[in-house]
file data.txt (compact mmCIF, C-alpha atoms and all ligand atoms)
# COMPACT_ATOMS: atom_id res chain seq x y z
CA MET A 1 7.00 -25.25 3.15
CA ARG A 2 7.19 -21.50 2.56
CA SER A 3 5.15 -19.35 4.87
CA PHE A 4 2.28 -17.24 3.56
CA SER A 5 0.98 -13.82 4.42
CA THR A 6 -1.44 -13.13 1.57
CA ILE A 7 -4.17 -14.98 -0.32
CA SER A 8 -1.97 -14.61 -3.37
CA ASP A 9 0.81 -16.52 -1.52
CA LEU A 10 -1.65 -19.29 -0.67
CA ILE A 11 -2.82 -19.57 -4.28
CA SER A 12 0.77 -19.60 -5.63
CA LEU A 13 1.89 -22.24 -3.12
CA ALA A 14 -1.11 -24.41 -3.94
CA LYS A 15 -0.37 -24.13 -7.66
CA GLU A 16 3.38 -24.82 -7.22
CA ASN A 17 2.59 -27.92 -5.19
CA CYS A 18 -0.34 -29.02 -7.38
CA SER A 19 -2.48 -29.09 -4.26
CA ASN A 20 -5.36 -27.34 -2.59
CA ILE A 21 -5.06 -24.41 -0.21
CA SER A 22 -6.09 -26.71 2.65
CA GLU A 23 -2.99 -28.88 2.14
CA ILE A 24 -0.73 -25.81 2.17
CA VAL A 25 -2.22 -24.65 5.48
CA LEU A 26 -2.03 -28.18 6.92
CA SER A 27 1.68 -28.43 6.03
CA TYR A 28 2.28 -25.00 7.52
CA GLU A 29 0.62 -26.11 10.77
CA THR A 30 2.69 -29.29 11.00
CA GLN A 31 5.88 -27.26 10.62
CA LYS A 32 4.82 -24.56 13.03
CA THR A 33 3.63 -26.93 15.77
CA GLN A 34 6.10 -29.78 15.08
CA LYS A 35 3.15 -32.16 15.31
CA SER A 36 2.48 -34.88 12.77
CA LYS A 37 -0.12 -34.48 10.03
CA LYS A 38 -2.18 -37.15 11.75
CA GLU A 39 -2.15 -35.24 15.06
CA ILE A 40 -3.10 -31.93 13.42
CA LEU A 41 -5.90 -33.57 11.46
CA GLU A 42 -7.20 -35.14 14.66
CA ILE A 43 -7.18 -31.76 16.45
CA MET A 44 -9.17 -30.26 13.58
CA ASN A 45 -11.53 -33.23 13.62
CA GLN A 46 -12.23 -32.43 17.28
CA ARG A 47 -13.19 -28.88 16.22
CA LEU A 48 -15.60 -30.37 13.70
CA ILE A 49 -17.14 -32.50 16.44
CA VAL A 50 -17.63 -29.39 18.62
CA MET A 51 -19.31 -27.65 15.67
CA ARG A 52 -21.67 -30.57 15.12
CA ASN A 53 -22.47 -30.81 18.82
CA SER A 54 -23.30 -27.12 19.02
CA ILE A 55 -25.60 -27.47 16.01
CA GLU A 56 -27.45 -30.37 17.65
CA LYS A 57 -27.65 -28.53 20.96
CA GLY A 58 -28.90 -25.33 19.32
CA LYS A 59 -31.56 -27.11 17.28
CA LYS A 60 -33.10 -28.45 20.49
CA ASN A 61 -32.38 -25.44 22.67
CA ASN A 62 -35.35 -24.31 24.72
CA ASN A 63 -33.55 -21.70 26.79
CA TYR A 64 -33.03 -18.00 26.41
CA SER A 65 -29.83 -16.08 26.98
CA ILE A 66 -29.62 -14.15 30.25
CA SER A 67 -30.87 -10.99 28.51
CA LYS A 68 -33.77 -12.97 26.97
CA MET A 69 -33.01 -11.34 23.60
CA VAL A 70 -31.77 -14.63 22.13
CA GLY A 71 -33.00 -18.21 22.22
CA MET A 72 -35.35 -20.74 20.67
CA ASN A 73 -35.26 -19.25 17.18
CA ALA A 74 -33.02 -22.08 15.93
CA SER A 75 -35.45 -24.70 17.25
CA LYS A 76 -38.38 -22.72 15.84
CA PHE A 77 -36.71 -22.56 12.44
CA TYR A 78 -35.72 -26.25 12.58
CA SER A 79 -39.30 -27.22 13.26
CA PHE A 80 -40.49 -24.91 10.44
CA ILE A 81 -38.17 -26.38 7.81
CA SER A 82 -39.06 -29.93 8.86
CA LYS A 83 -42.57 -29.26 7.49
CA ASN A 84 -42.02 -26.54 4.88
CA SER A 85 -39.44 -26.07 2.18
CA PHE A 86 -39.19 -22.66 0.69
CA LEU A 87 -35.53 -21.94 0.05
CA GLY A 88 -34.12 -25.41 -0.61
CA LYS A 89 -32.28 -27.78 1.70
CA ILE A 90 -28.75 -26.36 1.61
CA VAL A 91 -29.88 -22.80 2.31
CA GLU A 92 -32.35 -23.86 5.00
CA LYS A 93 -29.76 -26.01 6.76
CA ALA A 94 -27.16 -23.24 6.58
CA ILE A 95 -29.59 -20.82 8.23
CA CYS A 96 -30.62 -23.34 10.86
CA TYR A 97 -27.07 -24.41 11.71
CA ALA A 98 -25.74 -20.86 11.87
CA LEU A 99 -28.58 -19.82 14.18
CA SER A 100 -28.09 -22.92 16.33
CA VAL A 101 -24.38 -22.40 16.92
CA SER A 102 -24.81 -18.68 17.55
CA GLU A 103 -27.60 -19.25 20.05
CA VAL A 104 -25.46 -21.81 21.86
CA ASN A 105 -22.75 -19.15 22.08
CA ALA A 106 -25.18 -16.54 23.41
CA CYS A 107 -26.38 -19.09 26.00
CA MET A 108 -22.77 -19.68 27.13
CA GLY A 109 -22.40 -23.11 25.50
CA LEU A 110 -19.32 -24.57 23.83
CA ILE A 111 -18.61 -23.39 20.28
CA VAL A 112 -15.60 -23.05 17.99
CA ALA A 113 -14.66 -19.38 17.58
CA CYS A 114 -14.12 -19.22 13.83
CA PRO A 115 -12.75 -16.61 13.76
CA THR A 116 -14.61 -15.19 16.81
CA ALA A 117 -17.41 -16.28 19.12
CA GLY A 118 -19.71 -13.61 17.66
CA SER A 119 -19.30 -15.07 14.18
CA CYS A 120 -19.13 -18.74 15.24
CA GLY A 121 -22.19 -19.96 13.32
CA ILE A 122 -21.19 -18.90 9.82
CA LEU A 123 -18.50 -21.45 8.97
CA PRO A 124 -20.30 -24.52 10.40
CA GLY A 125 -23.57 -23.35 8.83
CA ALA A 126 -22.03 -23.08 5.37
CA ILE A 127 -19.74 -26.11 5.25
CA LEU A 128 -21.97 -28.60 7.03
CA SER A 129 -25.09 -27.75 5.04
CA VAL A 130 -23.16 -28.23 1.80
CA SER A 131 -21.26 -31.36 2.84
CA GLU A 132 -24.38 -33.08 4.18
CA GLU A 133 -26.51 -32.32 1.15
CA ILE A 134 -23.80 -33.25 -1.37
CA GLY A 135 -22.73 -36.26 0.70
CA LEU A 136 -19.06 -35.43 1.29
CA PRO A 137 -16.90 -37.44 3.71
CA ASP A 138 -15.65 -35.91 6.96
CA GLU A 139 -12.02 -36.07 5.75
CA LYS A 140 -12.90 -33.46 3.14
CA VAL A 141 -14.83 -31.33 5.59
CA VAL A 142 -11.90 -31.36 8.03
CA LEU A 143 -9.55 -30.30 5.22
CA SER A 144 -11.87 -27.44 4.30
CA LEU A 145 -11.48 -26.13 7.84
CA PHE A 146 -7.76 -25.65 7.08
CA THR A 147 -8.69 -23.58 4.04
CA ALA A 148 -10.91 -21.46 6.27
CA ALA A 149 -8.15 -21.20 8.88
CA GLY A 150 -5.59 -20.05 6.29
CA ILE A 151 -7.98 -17.36 5.02
CA GLY A 152 -8.61 -16.22 8.60
CA MET A 153 -4.86 -16.06 9.29
CA VAL A 154 -4.30 -13.83 6.25
CA ILE A 155 -7.18 -11.50 7.14
CA GLY A 156 -6.00 -11.33 10.77
CA LYS A 157 -2.49 -10.45 9.63
CA ASN A 158 -3.43 -7.81 7.06
CA ALA A 159 -6.68 -6.39 8.47
CA SER A 160 -8.43 -7.53 11.65
CA LEU A 161 -10.73 -10.22 13.04
CA ALA A 162 -12.09 -8.12 15.89
CA GLY A 163 -15.27 -6.05 15.90
CA ALA A 164 -13.59 -3.68 18.34
CA VAL A 165 -10.90 -2.94 15.75
CA GLY A 166 -12.63 -3.18 12.39
CA GLY A 167 -16.38 -3.35 13.01
CA CYS A 168 -18.51 -6.37 12.13
CA GLN A 169 -16.92 -6.60 8.68
CA ALA A 170 -13.90 -7.95 10.62
CA GLU A 171 -15.95 -10.65 12.37
CA CYS A 172 -18.93 -11.70 10.25
CA GLY A 173 -17.30 -10.44 7.04
CA SER A 174 -14.14 -12.47 7.72
CA ALA A 175 -16.13 -15.53 8.76
CA SER A 176 -18.17 -15.29 5.57
CA ALA A 177 -14.98 -15.04 3.48
CA MET A 178 -13.49 -18.04 5.34
CA ALA A 179 -16.67 -20.02 4.78
CA ALA A 180 -16.91 -19.04 1.10
CA GLY A 181 -13.35 -20.25 0.46
CA ALA A 182 -13.91 -23.47 2.42
CA VAL A 183 -17.16 -24.23 0.57
CA LEU A 184 -15.54 -23.63 -2.77
CA GLU A 185 -12.75 -26.07 -1.97
CA LEU A 186 -15.38 -28.59 -0.85
CA LEU A 187 -17.13 -28.17 -4.19
CA GLY A 188 -13.86 -28.86 -6.02
CA GLY A 189 -13.03 -25.31 -7.10
CA THR A 190 -9.49 -24.21 -8.01
CA PRO A 191 -7.29 -22.13 -5.67
CA GLU A 192 -7.93 -19.08 -7.89
CA GLN A 193 -11.67 -19.60 -7.56
CA VAL A 194 -11.23 -19.83 -3.79
CA GLY A 195 -9.55 -16.40 -4.00
CA HIS A 196 -12.49 -14.95 -5.91
CA ALA A 197 -14.96 -16.46 -3.43
CA ILE A 198 -13.06 -14.78 -0.58
CA ALA A 199 -13.06 -11.43 -2.37
CA LEU A 200 -16.74 -11.65 -3.33
CA ALA A 201 -17.80 -12.52 0.21
CA LEU A 202 -15.68 -9.94 2.02
CA LYS A 203 -16.21 -7.00 -0.29
CA ASN A 204 -19.93 -7.20 0.19
CA TYR A 205 -19.45 -6.88 3.95
CA LEU A 206 -17.15 -3.87 3.80
CA GLY A 207 -18.28 -1.12 6.13
CA LEU A 208 -20.49 -3.31 8.31
CA VAL A 209 -20.47 -1.79 11.78
CA CYS A 210 -20.47 -3.44 15.19
CA ASP A 211 -23.32 -1.98 17.30
CA PRO A 212 -24.49 -4.72 19.68
CA VAL A 213 -27.49 -3.94 21.86
CA ALA A 214 -26.58 -3.60 25.55
CA GLY A 215 -23.01 -4.56 24.68
CA LEU A 216 -24.01 -8.22 24.35
CA VAL A 217 -23.04 -10.49 21.47
CA GLU A 218 -26.68 -11.23 20.74
CA VAL A 219 -28.46 -8.54 18.70
CA PRO A 220 -27.78 -8.20 15.78
CA CYS A 221 -25.11 -10.90 16.00
CA VAL A 222 -27.08 -14.17 16.15
CA LYS A 223 -29.37 -13.56 13.16
CA ARG A 224 -26.52 -11.91 11.27
CA ASN A 225 -24.71 -15.26 11.40
CA ALA A 226 -27.55 -16.83 9.42
CA PHE A 227 -27.36 -14.13 6.75
CA ALA A 228 -23.57 -14.34 6.55
CA ALA A 229 -23.66 -18.13 6.06
CA ILE A 230 -25.93 -17.68 3.03
CA HIS A 231 -23.75 -14.86 1.82
CA ALA A 232 -20.80 -17.29 1.85
CA LEU A 233 -22.77 -19.81 -0.20
CA VAL A 234 -23.66 -17.15 -2.78
CA ALA A 235 -20.00 -16.07 -3.06
CA ALA A 236 -18.86 -19.70 -3.44
CA GLU A 237 -21.48 -20.47 -6.08
CA LEU A 238 -20.66 -17.32 -8.07
CA ALA A 239 -16.93 -18.09 -8.02
CA PHE A 240 -17.53 -21.76 -8.87
CA ALA A 241 -19.50 -20.58 -11.90
CA GLY A 242 -16.38 -18.71 -13.03
CA ILE A 243 -17.50 -15.25 -11.95
CA GLU A 244 -14.50 -13.23 -10.82
CA SER A 245 -14.06 -10.39 -8.38
CA ILE A 246 -12.62 -7.38 -10.21
CA ILE A 247 -10.81 -6.38 -7.01
CA PRO A 248 -8.41 -9.19 -5.98
CA PRO A 249 -8.85 -10.73 -2.51
CA ASP A 250 -5.72 -9.20 -0.97
CA GLU A 251 -6.82 -5.73 -2.07
CA VAL A 252 -10.27 -6.32 -0.60
CA ILE A 253 -8.61 -7.32 2.69
CA LEU A 254 -6.53 -4.12 2.68
CA ALA A 255 -9.70 -2.14 1.96
CA ALA A 256 -11.32 -3.80 4.99
CA TYR A 257 -8.35 -2.70 7.09
CA GLU A 258 -8.60 0.88 5.80
CA ILE A 259 -12.38 1.05 6.31
CA GLY A 260 -11.98 -0.33 9.84
CA ARG A 261 -9.37 2.32 10.57
CA LEU A 262 -11.70 5.08 9.34
CA MET A 263 -14.77 3.72 11.17
CA PRO A 264 -15.72 5.77 14.24
CA LYS A 265 -15.08 4.24 17.66
CA SER A 266 -18.81 4.53 18.41
CA LEU A 267 -19.47 1.79 15.82
CA LYS A 268 -16.71 -0.57 16.91
CA GLU A 269 -18.23 -2.70 19.68
CA THR A 270 -18.65 0.21 22.10
CA SER A 271 -22.48 0.19 21.78
CA GLU A 272 -22.39 3.99 21.58
CA ALA A 273 -24.33 4.27 18.31
CA GLY A 274 -26.38 2.38 15.71
CA LEU A 275 -28.77 -0.36 16.83
CA ALA A 276 -27.50 -0.09 20.40
CA LYS A 277 -28.78 3.48 20.62
CA THR A 278 -32.21 2.97 19.04
CA PRO A 279 -35.12 3.55 21.49
CA THR A 280 -35.53 -0.22 21.88
CA GLY A 281 -31.80 -0.77 22.18
CA LYS A 282 -31.59 1.86 24.94
CA ARG A 283 -34.63 0.42 26.75
CA ILE A 284 -33.06 -3.06 26.77
CA GLU A 285 -29.76 -1.61 27.94
CA SER A 286 -31.48 0.17 30.88
CA LEU A 287 -33.33 -3.03 31.82
CA MET A 288 -30.04 -4.94 31.78
CA ASN A 289 -28.40 -2.30 33.97
CA ALA A 290 -31.32 -1.99 36.43
S1 LIG B 1 -22.11 -6.92 15.71
FE1 LIG B 1 -20.16 -6.81 16.80
S2 LIG B 1 -20.34 -8.24 18.53
FE2 LIG B 1 -21.96 -8.75 17.03
S3 LIG B 1 -21.01 -10.34 15.70
FE3 LIG B 1 -20.68 -8.37 14.70
S4 LIG B 1 -18.64 -7.77 15.44
FE4 LIG B 1 -19.35 -9.38 16.84

call {"tool": "encode", "arguments": {"input": "data.txt", "output": "structure tokens"}}
result
Amino acid sequence: MRSFSTISDLISLAKENCSNISEIVLSYETQKTQKSKKEILEIMNQRLIVMRNSIEKGKKNNNYSISKMVGMNASKFYSFISKNSFLGKIVEKAICYALSVSEVNACMGLIVACPTAGSCGILPGAILSVSEEIGLPDEKVVLSLFTAAGIGMVIGKNASLAGAVGGCQAECGSASAMAAGAVLELLGGTPEQVGHAIALALKNYLGLVCDPVAGLVEVPCVKRNAFAAIHALVAAELAFAGIESIIPPDEVILAAYEIGRLMPKSLKETSEAGLAKTPTGKRIESLMNA
């Protein structure tokens, strides 16, 4: 199996092999690790179990993070959607699951960093809401995680996955692109459509800064995960409908790299500007440092 360094490589390999992007990434992993397909699939299945466990834990969470800025919103939202339906089941579950996993992270619980801890709720929120509501088997969901992983690898190679390097576009933007591609493969989209979903998701996060209050991965991070999960669903649905991104995914990724390079240090996880330096942000920071 040829290696890949761009989304275009992934799409070409999938087309040459008459397969999905997930199968290309799975084969790459078996070659790289010298493990069998069965072993690699089992490792990924364990990641899926961790995602599900963090969702369940977050839904019932009645604790706050040490800063008290985060906690109990997932359970509040879960209880709300059990009685009301405003946005529809897939969207409501995606919000709830993304909040749950992110709160578990902020409360020091076990999550899957996908691609980072700060953006850990987006992928599980998007893929598990869709797979549950459509009724897809776990084998498919596990495979979609390979699609997400391949997209993350390409973004990490050509841009960045770290807020400290590229701002939040690198974390939540990348996670949203990974989730959009994974959802589209779950829905049965073509590799080209996966490419458009990636581009649509990431380009609408370009320029997003990283300005966490008190230097903690809590505000704006946790609620941002909920928004980014929905963003991924919108990108997947648009691409599945045949709507294309005028700028191809690899060019969007290079734009993310360039924008991250131009972004001031004060907006790259240093908490020196933005939300972190609002009056409330500064008050919380002083309380934390007292
Ligand atoms: S704001 Fe910064 S710390 Fe928070 S999720 Fe985004 S990149 Fe991570």

call {"tool": "residues_around", "arguments": {"input": "data.txt", "residues": "Glu42 in chain A", "least_positions_apart": "4", "cutoff": "12 Å", "atoms": "all atoms listed in the file", "output": "PDB file with C-alpha atoms, in the coordinates of the input"}}
result
ATOM      1  CA  LEU A  26      -2.030 -28.180   6.920  1.00  0.00           C
ATOM      2  CA  LYS A  35       3.150 -32.160  15.310  1.00  0.00           C
ATOM      3  CA  SER A  36       2.480 -34.880  12.770  1.00  0.00           C
ATOM      4  CA  LYS A  37      -0.120 -34.480  10.030  1.00  0.00           C
ATOM      5  CA  LYS A  38      -2.180 -37.150  11.750  1.00  0.00           C
ATOM      6  CA  GLN A  46     -12.230 -32.430  17.280  1.00  0.00           C
ATOM      7  CA  ARG A  47     -13.190 -28.880  16.220  1.00  0.00           C
ATOM      8  CA  LEU A  48     -15.600 -30.370  13.700  1.00  0.00           C
ATOM      9  CA  ILE A  49     -17.140 -32.500  16.440  1.00  0.00           C
ATOM     10  CA  ASP A 138     -15.650 -35.910   6.960  1.00  0.00           C
ATOM     11  CA  GLU A 139     -12.020 -36.070   5.750  1.00  0.00           C
ATOM     12  CA  VAL A 142     -11.900 -31.360   8.030  1.00  0.00           C
ATOM     13  CA  LEU A 143      -9.550 -30.300   5.220  1.00  0.00           C
TER      14      LEU A 143
END

call {"tool": "residues_near_ligand", "arguments": {"input": "data.txt", "ligand": "ligand LIG 1 (chain B)", "cutoff": "7 Å", "atoms": "only C-alpha atoms and all ligand atoms", "output": "PyMOL selection string"}}
result
chain A and resi 118-119+162-163+167-168+170-172+209-212+216-221+269

call {"tool": "residues_around", "arguments": {"input": "data.txt", "residues": "Ile122 in chain A", "least_positions_apart": "4", "cutoff": "10 Å", "atoms": "all atoms listed in the file", "output": "PDB file with C-alpha atoms, in the frame of the given file"}}
result
ATOM      1  CA  ALA A  94     -27.160 -23.240   6.580  1.00  0.00           C
ATOM      2  CA  ILE A  95     -29.590 -20.820   8.230  1.00  0.00           C
ATOM      3  CA  TYR A  97     -27.070 -24.410  11.710  1.00  0.00           C
ATOM      4  CA  ALA A  98     -25.740 -20.860  11.870  1.00  0.00           C
ATOM      5  CA  LEU A  99     -28.580 -19.820  14.180  1.00  0.00           C
ATOM      6  CA  VAL A 101     -24.380 -22.400  16.920  1.00  0.00           C
ATOM      7  CA  SER A 102     -24.810 -18.680  17.550  1.00  0.00           C
ATOM      8  CA  CYS A 114     -14.120 -19.220  13.830  1.00  0.00           C
ATOM      9  CA  PRO A 115     -12.750 -16.610  13.760  1.00  0.00           C
ATOM     10  CA  GLY A 118     -19.710 -13.610  17.660  1.00  0.00           C
ATOM     11  CA  ALA A 126     -22.030 -23.080   5.370  1.00  0.00           C
ATOM     12  CA  ILE A 127     -19.740 -26.110   5.250  1.00  0.00           C
ATOM     13  CA  CYS A 172     -18.930 -11.700  10.250  1.00  0.00           C
ATOM     14  CA  GLY A 173     -17.300 -10.440   7.040  1.00  0.00           C
ATOM     15  CA  SER A 174     -14.140 -12.470   7.720  1.00  0.00           C
ATOM     16  CA  ALA A 175     -16.130 -15.530   8.760  1.00  0.00           C
ATOM     17  CA  SER A 176     -18.170 -15.290   5.570  1.00  0.00           C
ATOM     18  CA  ALA A 177     -14.980 -15.040   3.480  1.00  0.00           C
ATOM     19  CA  MET A 178     -13.490 -18.040   5.340  1.00  0.00           C
ATOM     20  CA  ALA A 179     -16.670 -20.020   4.780  1.00  0.00           C
ATOM     21  CA  ALA A 180     -16.910 -19.040   1.100  1.00  0.00           C
ATOM     22  CA  VAL A 222     -27.080 -14.170  16.150  1.00  0.00           C
ATOM     23  CA  ARG A 224     -26.520 -11.910  11.270  1.00  0.00           C
ATOM     24  CA  ASN A 225     -24.710 -15.260  11.400  1.00  0.00           C
ATOM     25  CA  ALA A 226     -27.550 -16.830   9.420  1.00  0.00           C
ATOM     26  CA  PHE A 227     -27.360 -14.130   6.750  1.00  0.00           C
ATOM     27  CA  ALA A 228     -23.570 -14.340   6.550  1.00  0.00           C
ATOM     28  CA  ALA A 229     -23.660 -18.130   6.060  1.00  0.00           C
ATOM     29  CA  ILE A 230     -25.930 -17.680   3.030  1.00  0.00           C
ATOM     30  CA  HIS A 231     -23.750 -14.860   1.820  1.00  0.00           C
ATOM     31  CA  ALA A 232     -20.800 -17.290   1.850  1.00  0.00           C
TER      32      ALA A 232
END

call {"tool": "atom_distance", "arguments": {"input": "data.txt", "atom1": "CA of Gly150 in chain A", "atom2": "CA of Leu136 in chain A"}}
result
21.0 Å

call {"tool": "atom_distance", "arguments": {"input": "data.txt", "atom1": "CA of Ser5 in chain A", "atom2": "CA of Asn158 in chain A"}}
result
7.9 Å

call {"tool": "closest_atom_pairs", "arguments": {"input": "data.txt", "of": "range 108-218 of chain A", "to": "range 241-245 of chain A", "cutoff": "7 Å", "atoms": "only C-alpha atoms", "output": "CSV"}}
result
residue,atom,partner,partner_atom,distance
A:His196,CA,A:Ser245,CA,5.4
A:Ala199,CA,A:Ser245,CA,6.2
A:Leu200,CA,A:Ser245,CA,5.9

call {"tool": "write_last_selection", "arguments": {"input": "data.txt", "atoms": "C-alpha atoms", "output": "short mmCIF file (atom, residue, chain, number, x, y, z; two decimals), keeping the file's coordinate frame"}}
result
data_model
loop_
_atom_site.label_atom_id
_atom_site.label_comp_id
_atom_site.auth_asym_id
_atom_site.auth_seq_id
_atom_site.Cartn_x
_atom_site.Cartn_y
_atom_site.Cartn_z
CA HIS A 196 -12.49 -14.95 -5.91
CA ALA A 199 -13.06 -11.43 -2.37
CA LEU A 200 -16.74 -11.65 -3.33
#

call {"tool": "residues_around", "arguments": {"input": "data.txt", "residues": "Val25 in chain A", "least_positions_apart": "2", "cutoff": "6 Å", "atoms": "only C-alpha atoms", "output": "NGL selection string"}}
result
:A and (22-23 or 27-28 or 146 or 150)

call {"tool": "decode", "arguments": {"input": "data.txt", "residues": "range 215-240 of chain A", "atoms": "N, CA and C atoms", "output": "short mmCIF file (atom, residue, chain, number, x, y, z; two decimals), in the first residue's frame"}}
result
data_model
loop_
_atom_site.label_atom_id
_atom_site.label_comp_id
_atom_site.auth_asym_id
_atom_site.auth_seq_id
_atom_site.Cartn_x
_atom_site.Cartn_y
_atom_site.Cartn_z
N GLY A 215 -6.14 30.01 30.94
CA GLY A 215 -5.24 28.99 30.40
C GLY A 215 -5.77 27.57 30.53
N LEU A 216 -7.07 27.45 30.81
CA LEU A 216 -7.65 26.11 31.00
C LEU A 216 -8.43 25.69 29.76
N VAL A 217 -8.42 24.40 29.47
CA VAL A 217 -9.14 23.91 28.29
C VAL A 217 -10.62 23.72 28.67
N GLU A 218 -11.26 24.84 28.93
CA GLU A 218 -12.65 24.80 29.42
C GLU A 218 -13.54 25.81 28.71
N VAL A 219 -13.15 27.07 28.78
CA VAL A 219 -13.93 28.15 28.14
C VAL A 219 -13.02 28.86 27.14
N PRO A 220 -13.36 28.82 25.86
CA PRO A 220 -14.62 28.46 25.23
C PRO A 220 -14.71 27.01 24.78
N CYS A 221 -13.71 26.20 25.12
CA CYS A 221 -13.50 24.90 24.49
C CYS A 221 -14.71 23.94 24.56
N VAL A 222 -15.28 23.77 25.76
CA VAL A 222 -16.30 22.72 25.92
C VAL A 222 -17.52 22.99 25.04
N LYS A 223 -18.05 24.19 25.10
CA LYS A 223 -19.25 24.48 24.29
C LYS A 223 -18.89 24.55 22.81
N ARG A 224 -17.67 24.96 22.52
CA ARG A 224 -17.24 25.00 21.11
C ARG A 224 -17.28 23.60 20.49
N ASN A 225 -17.02 22.58 21.29
CA ASN A 225 -17.09 21.21 20.78
C ASN A 225 -18.49 20.88 20.26
N ALA A 226 -19.51 21.38 20.97
CA ALA A 226 -20.89 21.12 20.54
C ALA A 226 -21.14 21.79 19.19
N PHE A 227 -20.71 23.03 19.07
CA PHE A 227 -20.91 23.74 17.79
C PHE A 227 -20.15 23.05 16.65
N ALA A 228 -18.93 22.62 16.94
CA ALA A 228 -18.10 22.02 15.88
C ALA A 228 -18.65 20.67 15.42
N ALA A 229 -19.31 19.95 16.33
CA ALA A 229 -19.91 18.67 15.94
C ALA A 229 -21.04 18.92 14.94
N ILE A 230 -21.85 19.94 15.20
CA ILE A 230 -22.95 20.28 14.28
C ILE A 230 -22.39 20.79 12.95
N HIS A 231 -21.35 21.55 13.06
CA HIS A 231 -20.67 22.07 11.87
C HIS A 231 -20.24 20.91 10.95
N ALA A 232 -19.72 19.85 11.58
CA ALA A 232 -19.30 18.66 10.82
C ALA A 232 -20.50 18.03 10.12
N LEU A 233 -21.63 17.97 10.82
CA LEU A 233 -22.83 17.37 10.23
C LEU A 233 -23.30 18.20 9.03
N VAL A 234 -23.24 19.51 9.17
CA VAL A 234 -23.67 20.38 8.05
C VAL A 234 -22.75 20.16 6.85
N ALA A 235 -21.45 20.11 7.10
CA ALA A 235 -20.49 19.91 5.99
C ALA A 235 -20.74 18.56 5.31
N ALA A 236 -20.98 17.52 6.12
CA ALA A 236 -21.22 16.18 5.55
C ALA A 236 -22.50 16.17 4.72
N GLU A 237 -23.54 16.78 5.26
CA GLU A 237 -24.83 16.79 4.54
C GLU A 237 -24.71 17.57 3.23
N LEU A 238 -24.04 18.71 3.27
CA LEU A 238 -23.85 19.50 2.04
C LEU A 238 -23.11 18.68 0.98
N ALA A 239 -22.00 18.06 1.41
CA ALA A 239 -21.20 17.29 0.45
C ALA A 239 -21.98 16.08 -0.06
N PHE A 240 -22.77 15.44 0.82
CA PHE A 240 -23.55 14.27 0.41
C PHE A 240 -24.62 14.67 -0.62
#
